[in-house]
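**Student:** Just work.pdb, nothing more (PDB, C-alpha atoms):
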ATOM      1  CA  MET A   1     105.663  76.092  28.933
ATOM      2  CA  GLN A   2     102.755  74.392  27.147
ATOM      3  CA  PHE A   3     101.893  74.248  23.456
ATOM      4  CA  ASN A   4      98.397  73.592  22.158
ATOM      5  CA  SER A   5      98.001  71.413  19.101
ATOM      6  CA  SER A   6      95.463  69.278  17.313
ATOM      7  CA  PHE A   7      97.659  66.299  18.227
ATOM      8  CA  PHE A   8      98.711  66.742  21.870
ATOM      9  CA  ILE A   9      99.459  69.288  24.538
ATOM     10  CA  PHE A  10     103.027  68.937  25.779
ATOM     11  CA  THR A  11     105.256  70.404  28.389
ATOM     12  CA  ILE A  12     108.430  70.792  26.377
ATOM     13  CA  TYR A  13     112.076  70.079  27.171
ATOM     14  CA  PHE A  14     112.734  68.051  24.056
ATOM     15  CA  LEU A  15     115.917  67.502  22.114
ATOM     16  CA  VAL A  16     116.155  68.086  18.382
ATOM     17  CA  VAL A  17     118.102  65.914  15.934
ATOM     18  CA  ARG A  18     121.066  68.005  14.842
ATOM     19  CA  GLY A  19     123.770  65.998  13.106
ATOM     20  CA  LYS A  20     126.069  63.239  14.276
ATOM     21  CA  GLY A  21     126.567  62.798  17.972
ATOM     22  CA  SER A  22     123.640  65.089  18.692
ATOM     23  CA  GLU A  23     122.128  65.456  22.141
ATOM     24  CA  PHE A  24     119.045  63.758  20.680
ATOM     25  CA  GLU A  25     121.074  60.661  19.768
ATOM     26  CA  THR A  26     122.772  60.636  23.175
ATOM     27  CA  THR A  27     119.415  60.835  24.958
ATOM     28  CA  LEU A  28     117.804  58.212  22.740
ATOM     29  CA  ALA A  29     120.792  55.859  23.092
ATOM     30  CA  ALA A  30     120.537  56.191  26.888
ATOM     31  CA  LYS A  31     116.821  55.338  26.755
ATOM     32  CA  LEU A  32     117.620  52.288  24.607
ATOM     33  CA  LYS A  33     120.522  51.106  26.766
ATOM     34  CA  GLY A  34     120.180  47.401  27.428
ATOM     35  CA  ALA A  35     117.620  46.887  24.655
ATOM     36  CA  SER A  36     117.498  43.291  23.473
ATOM     37  CA  SER A  37     114.621  43.754  21.040
ATOM     38  CA  VAL A  38     112.731  46.798  19.837
ATOM     39  CA  VAL A  39     109.323  47.278  18.251
ATOM     40  CA  VAL A  40     108.791  50.531  16.340
ATOM     41  CA  PHE A  41     105.191  51.613  15.809
ATOM     42  CA  GLY A  42     104.855  54.195  13.023
ATOM     43  CA  VAL A  43     101.689  56.139  13.832
ATOM     44  CA  GLY A  44      99.760  58.410  11.488
ATOM     45  CA  ASN A  45      97.426  58.894   8.567
ATOM     46  CA  GLU A  46      99.028  58.721   5.112
ATOM     47  CA  LEU A  47      96.140  60.760   3.680
ATOM     48  CA  ARG A  48      96.937  63.800   5.847
ATOM     49  CA  GLY A  49     100.292  65.018   4.534
ATOM     50  CA  ASP A  50     102.946  65.189   7.248
ATOM     51  CA  ASP A  51     100.829  63.090   9.625
ATOM     52  CA  ALA A  52     102.326  60.149   7.691
ATOM     53  CA  ALA A  53     105.791  60.810   9.193
ATOM     54  CA  GLY A  54     105.658  57.960  11.714
ATOM     55  CA  ARG A  55     104.485  55.530   9.079
ATOM     56  CA  LEU A  56     107.367  56.546   6.801
ATOM     57  CA  VAL A  57     109.899  55.862   9.568
ATOM     58  CA  ALA A  58     108.418  52.406  10.211
ATOM     59  CA  GLU A  59     108.447  51.586   6.491
ATOM     60  CA  ARG A  60     112.127  52.617   6.183
ATOM     61  CA  LEU A  61     113.074  50.368   9.121
ATOM     62  CA  LYS A  62     111.199  47.242   7.924
ATOM     63  CA  SER A  63     114.209  45.563   6.316
ATOM     64  CA  PHE A  64     116.825  46.858   8.775
ATOM     65  CA  GLU A  65     118.915  44.180  10.468
ATOM     66  CA  CYS A  66     121.538  44.458  13.157
ATOM     67  CA  GLY A  67     122.591  42.478  16.228
ATOM     68  CA  ILE A  68     119.314  43.129  18.081
ATOM     69  CA  GLU A  69     115.832  42.290  16.900
ATOM     70  CA  VAL A  70     114.127  45.363  15.435
ATOM     71  CA  LYS A  71     110.573  45.000  14.119
ATOM     72  CA  SER A  72     108.621  47.914  12.722
ATOM     73  CA  PHE A  73     104.934  48.246  11.980
ATOM     74  CA  THR A  74     102.797  50.931  10.382
ATOM     75  CA  VAL A  75      99.828  51.195  12.728
ATOM     76  CA  GLY A  76      97.721  54.006  11.274
ATOM     77  CA  VAL A  77      95.718  56.128  13.677
ATOM     78  CA  ALA A  78      94.762  53.294  16.033
ATOM     79  CA  PRO A  79      98.036  51.914  17.456
ATOM     80  CA  GLU A  80      96.122  50.248  20.287
ATOM     81  CA  ASN A  81      94.903  47.695  17.731
ATOM     82  CA  PHE A  82      98.487  46.394  17.401
ATOM     83  CA  THR A  83      99.387  45.763  21.041
ATOM     84  CA  SER A  84      98.781  42.008  20.698
ATOM     85  CA  ILE A  85     101.975  41.914  18.595
ATOM     86  CA  LEU A  86     103.860  42.708  21.804
ATOM     87  CA  ARG A  87     102.590  39.553  23.496
ATOM     88  CA  GLU A  88     104.147  37.473  20.725
ATOM     89  CA  LEU A  89     107.398  39.403  20.226
ATOM     90  CA  LYS A  90     108.115  40.284  23.884
ATOM     91  CA  PRO A  91     110.285  43.324  23.102
ATOM     92  CA  SER A  92     112.334  45.066  25.766
ATOM     93  CA  HIS A  93     111.519  48.461  24.225
ATOM     94  CA  VAL A  94     108.671  49.974  22.194
ATOM     95  CA  ILE A  95     109.103  53.181  20.203
ATOM     96  CA  PHE A  96     106.143  55.205  18.930
ATOM     97  CA  VAL A  97     106.956  57.641  16.116
ATOM     98  CA  ASP A  98     104.256  60.179  15.298
ATOM     99  CA  ALA A  99     103.736  63.661  13.912
ATOM    100  CA  ALA A 100     103.439  66.050  16.852
ATOM    101  CA  ASP A 101     102.928  69.790  16.766
ATOM    102  CA  PHE A 102     105.261  70.993  19.515
ATOM    103  CA  GLY A 103     105.964  74.412  17.994
ATOM    104  CA  GLY A 104     109.284  73.469  16.383
ATOM    105  CA  CYS A 105     110.414  73.892  12.811
ATOM    106  CA  ALA A 106     108.882  71.503  10.282
ATOM    107  CA  GLY A 107     110.873  68.265  10.309
ATOM    108  CA  ASP A 108     112.334  68.710  13.817
ATOM    109  CA  VAL A 109     112.499  65.386  15.636
ATOM    110  CA  ARG A 110     112.173  65.189  19.414
ATOM    111  CA  VAL A 111     112.038  62.626  22.189
ATOM    112  CA  ILE A 112     108.829  63.207  24.106
ATOM    113  CA  GLY A 113     108.652  62.186  27.744
ATOM    114  CA  GLU A 114     105.592  60.020  28.359
ATOM    115  CA  ASP A 115     104.724  62.146  31.367
ATOM    116  CA  GLU A 116     104.657  65.175  29.092
ATOM    117  CA  ILE A 117     101.806  63.906  26.930
ATOM    118  CA  MET A 118      98.712  65.021  28.738
ATOM    119  CA  GLU A 119      95.810  62.591  28.904
ATOM    120  CA  GLY A 120      92.385  63.381  27.545
ATOM    121  CA  VAL A 121      93.636  65.880  24.972
ATOM    122  CA  PRO A 122      92.121  65.936  21.488
ATOM    123  CA  SER A 123      94.211  63.726  19.224
ATOM    124  CA  THR A 124      94.074  62.145  15.803
ATOM    125  CA  HIS A 125      94.224  58.774  17.584
ATOM    126  CA  THR A 126      91.425  56.897  19.297
ATOM    127  CA  VAL A 127      93.496  56.370  22.469
ATOM    128  CA  SER A 128      96.022  58.867  23.838
ATOM    129  CA  LEU A 129      99.626  57.742  23.390
ATOM    130  CA  SER A 130     100.238  58.454  27.078
ATOM    131  CA  VAL A 131      97.454  56.053  28.107
ATOM    132  CA  LEU A 132      98.695  53.475  25.602
ATOM    133  CA  ALA A 133     102.318  53.827  26.778
ATOM    134  CA  LYS A 134     101.282  53.264  30.395
ATOM    135  CA  TYR A 135      99.208  50.239  29.404
ATOM    136  CA  ILE A 136     102.126  48.716  27.465
ATOM    137  CA  ARG A 137     104.543  49.271  30.329
ATOM    138  CA  VAL A 138     102.209  47.610  32.840
ATOM    139  CA  GLN A 139     100.838  44.838  30.603
ATOM    140  CA  TYR A 140     104.028  43.835  28.763
ATOM    141  CA  GLY A 141     106.857  45.225  30.915
ATOM    142  CA  CYS A 142     108.391  47.189  28.024
ATOM    143  CA  GLU A 143     110.217  50.484  28.161
ATOM    144  CA  VAL A 144     108.261  52.966  26.015
ATOM    145  CA  ILE A 145     109.729  55.856  24.032
ATOM    146  CA  VAL A 146     107.685  58.419  22.096
ATOM    147  CA  ILE A 147     109.348  60.362  19.278
ATOM    148  CA  GLY A 148     107.595  63.289  17.603
ATOM    149  CA  ILE A 149     108.255  64.836  14.206
ATOM    150  CA  GLN A 150     107.049  68.419  13.769
ATOM    151  CA  PRO A 151     104.582  68.554  10.839
ATOM    152  CA  LYS A 152     104.244  71.432   8.404
ATOM    153  CA  ASN A 153     100.922  70.473   6.809
ATOM    154  CA  THR A 154      98.412  67.839   7.893
ATOM    155  CA  LEU A 155      95.570  68.776   5.595
ATOM    156  CA  PHE A 156      93.665  65.937   3.980
ATOM    157  CA  GLY A 157      95.163  65.104   0.581
ATOM    158  CA  ALA A 158      98.396  67.034   1.178
ATOM    159  CA  GLU A 159     101.769  65.553   0.263
ATOM    160  CA  VAL A 160     104.482  64.967   2.861
ATOM    161  CA  SER A 161     106.574  68.140   2.959
ATOM    162  CA  PRO A 162     110.292  68.106   2.030
ATOM    163  CA  GLU A 163     111.147  69.263   5.571
ATOM    164  CA  VAL A 164     109.335  66.333   7.155
ATOM    165  CA  ARG A 165     110.869  63.892   4.656
ATOM    166  CA  ALA A 166     114.295  65.207   5.718
ATOM    167  CA  GLY A 167     113.327  64.775   9.392
ATOM    168  CA  VAL A 168     112.202  61.216   8.675
ATOM    169  CA  GLU A 169     115.536  60.417   7.004
ATOM    170  CA  ALA A 170     117.524  61.987   9.858
ATOM    171  CA  LEU A 171     115.539  59.974  12.406
ATOM    172  CA  VAL A 172     115.914  56.718  10.470
ATOM    173  CA  ASP A 173     119.685  57.299  10.223
ATOM    174  CA  SER A 174     119.876  58.036  13.971
ATOM    175  CA  LEU A 175     117.840  54.953  14.883
ATOM    176  CA  LYS A 176     119.957  52.683  12.665
ATOM    177  CA  LYS A 177     123.140  54.093  14.167
ATOM    178  CA  ILE A 178     121.864  53.626  17.731
ATOM    179  CA  PHE A 179     120.441  50.140  17.120
ATOM    180  CA  SER A 180     123.765  49.068  15.591
ATOM    181  CA  SER A 181     125.749  50.569  18.496
ATOM    182  CA  ILE A 182     123.765  48.667  21.156
ATOM    183  CA  ALA A 183     123.895  45.349  19.311
ATOM    184  CA  PRO A 184     125.874  42.677  21.207
ATOM    185  CA  ASN A 185     128.471  42.340  18.432
ATOM    186  CA  SER A 186     129.275  46.070  18.613
ATOM    187  CA  ARG A 187     130.121  46.053  22.327
TER
END
Output the file's structure in the form of structure tokens.

**Tutor:**
Amino acid sequence: MQFNSSFFIFTIYFLVVRGKGSEFETTLAAKLKGASSVVVFGVGNELRGDDAAGRLVAERLKSFECGIEVKSFTVGVAPENFTSILRELKPSHVIFVDAADFGGCAGDVRVIGEDEIMEGVPSTHTVSLSVLAKYIRVQYGCEVIVIGIQPKNTLFGAEVSPEVRAGVEALVDSLKKIFSSIAPNSR
């Protein structure tokens, strides 16, 4: 099944955040297994309402500390401009968080398989996240995870919707829980 959007076209099998111990958290924890350091890139345009979701996640994780190194960056609509950070930090894992219209309810949060983001599709970004993810994997040897948050409104000048704010908070809580659980001192 494919969904058209102004962000991406996806083949969907995704998992939605639904409370503690959710299938989403289990899947994300499995993808982060063995992580020694993680870079989170919050993608999006703060002037386009819910498109700011990824940026909000990155901002909320900036001061988070646990037993593994977690660095987060707000990268706007051109995340490719921030890949040099990876050369310096040498993370084991990179997470992109972005608004993605996958046909869910506003605020739903889903892990998106890199192979499910089709290349060459109209996007709000200058380079497709699938192309960028492949480049990062080859160039820096990092595992790459893409997480989408279903937007409600991405019109210029719109505010972030309450549903997306709730999705952002749920995702931040899930990420903190997972990062803390994979830290060496928690094993």

**Student:** Here is a test: counting only C-alpha atoms, which residue of A:Ile95, A:Val138, A:Val164, A:Val40 is nearest to Leu28 of chain A?

**Tutor:**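 Checking each of A:Ile95, A:Val138, A:Val164, A:Val40 against Leu28 of chain A, counting only C-alpha atoms, the winner is A:Ile95.
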
**Student:** Looking at all atoms listed in the file, which of A:Ile136, A:Val57, A:Ala52, A:Ala183 is the one that sits closest to Leu155 of chain A?

**Tutor:**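 Closest candidate: A:Ala52.
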
**Student:** For His93 of chain A, which residue among A:Ser72, A:Ser36, A:Ser63, A:Ser174 is the nearest when counting all atoms listed in the file?

**Tutor:**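 Between A:Ser72, A:Ser36, A:Ser63, A:Ser174, the residue approaching His93 of chain A most closely is A:Ser36.
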
**Student:** Give me the residues within 9 Å of Phe96 of chain A as a list of chain:residue names, counting only C-alpha atoms and dropping any in the same chain fewer than 6 places off.

**Tutor:** A:Val39, A:Val40, A:Phe41, A:Gly42, A:Val43, A:Gly54, A:Pro79, A:Leu129, A:Ala133, A:Val144, A:Ile145, A:Val146, A:Ile147, A:Gly148

**Student:** Which residues come within 6 Å of Ala99 of chain A, counting only C-alpha atoms, excluding same-chain residues fewer than 2 positions away, as a PyMOL selection string?

**Tutor:** chain A and resi 51+53+148-151

**Student:** Next, dump the selected residues to file, keeping only C-alpha atoms, as a short mmCIF file (atom, residue, chain, number, x, y, z; two decimals), in the coordinates of the input.

**Tutor:**
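Dumped everything to part_28.cif:
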data_model
loop_
_atom_site.label_atom_id
_atom_site.label_comp_id
_atom_site.auth_asym_id
_atom_site.auth_seq_id
_atom_site.Cartn_x
_atom_site.Cartn_y
_atom_site.Cartn_z
CA ASP A 51 100.83 63.09 9.62
CA ALA A 53 105.79 60.81 9.19
CA GLY A 148 107.60 63.29 17.60
CA ILE A 149 108.26 64.84 14.21
CA GLN A 150 107.05 68.42 13.77
CA PRO A 151 104.58 68.55 10.84
#

**Student:** With the file shown as input, list the residues that the PyMOL selection byres ((chain A and resi 71) around 10) selects, as a PyMOL selection string.

**Tutor:** chain A and resi 37-41+58+61-65+68-70+72-73+89+91+94

**Student:** Counting only C-alpha atoms, which residue out of A:Ala30, A:Ile178, A:Ala170, A:Ala78 sits closest to Asp108 of chain A?

**Tutor:** A:Ala170

**Student:** Which one of A:Gly67, A:Pro162, A:Gly76, A:Gly107 sits closest to Ser181 of chain A if you count only C-alpha atoms?

**Tutor:**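 With only C-alpha atoms as the atom set, the closest residue is A:Gly67.
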
**Student:** Would you mind reading off the distance between atom CA of Asp101 of chain A and atom CA of Val131 of chain A, one decimal, in Å?

**Tutor:** 18.6 Å

**Student:** Give the answer as one residue: which of A:Leu56, A:Val168, A:Cys66, A:Leu47 has the shortest atom-to-atom distance to Pro184 of chain A, using all atoms listed in the file?

**Tutor:** A:Cys66
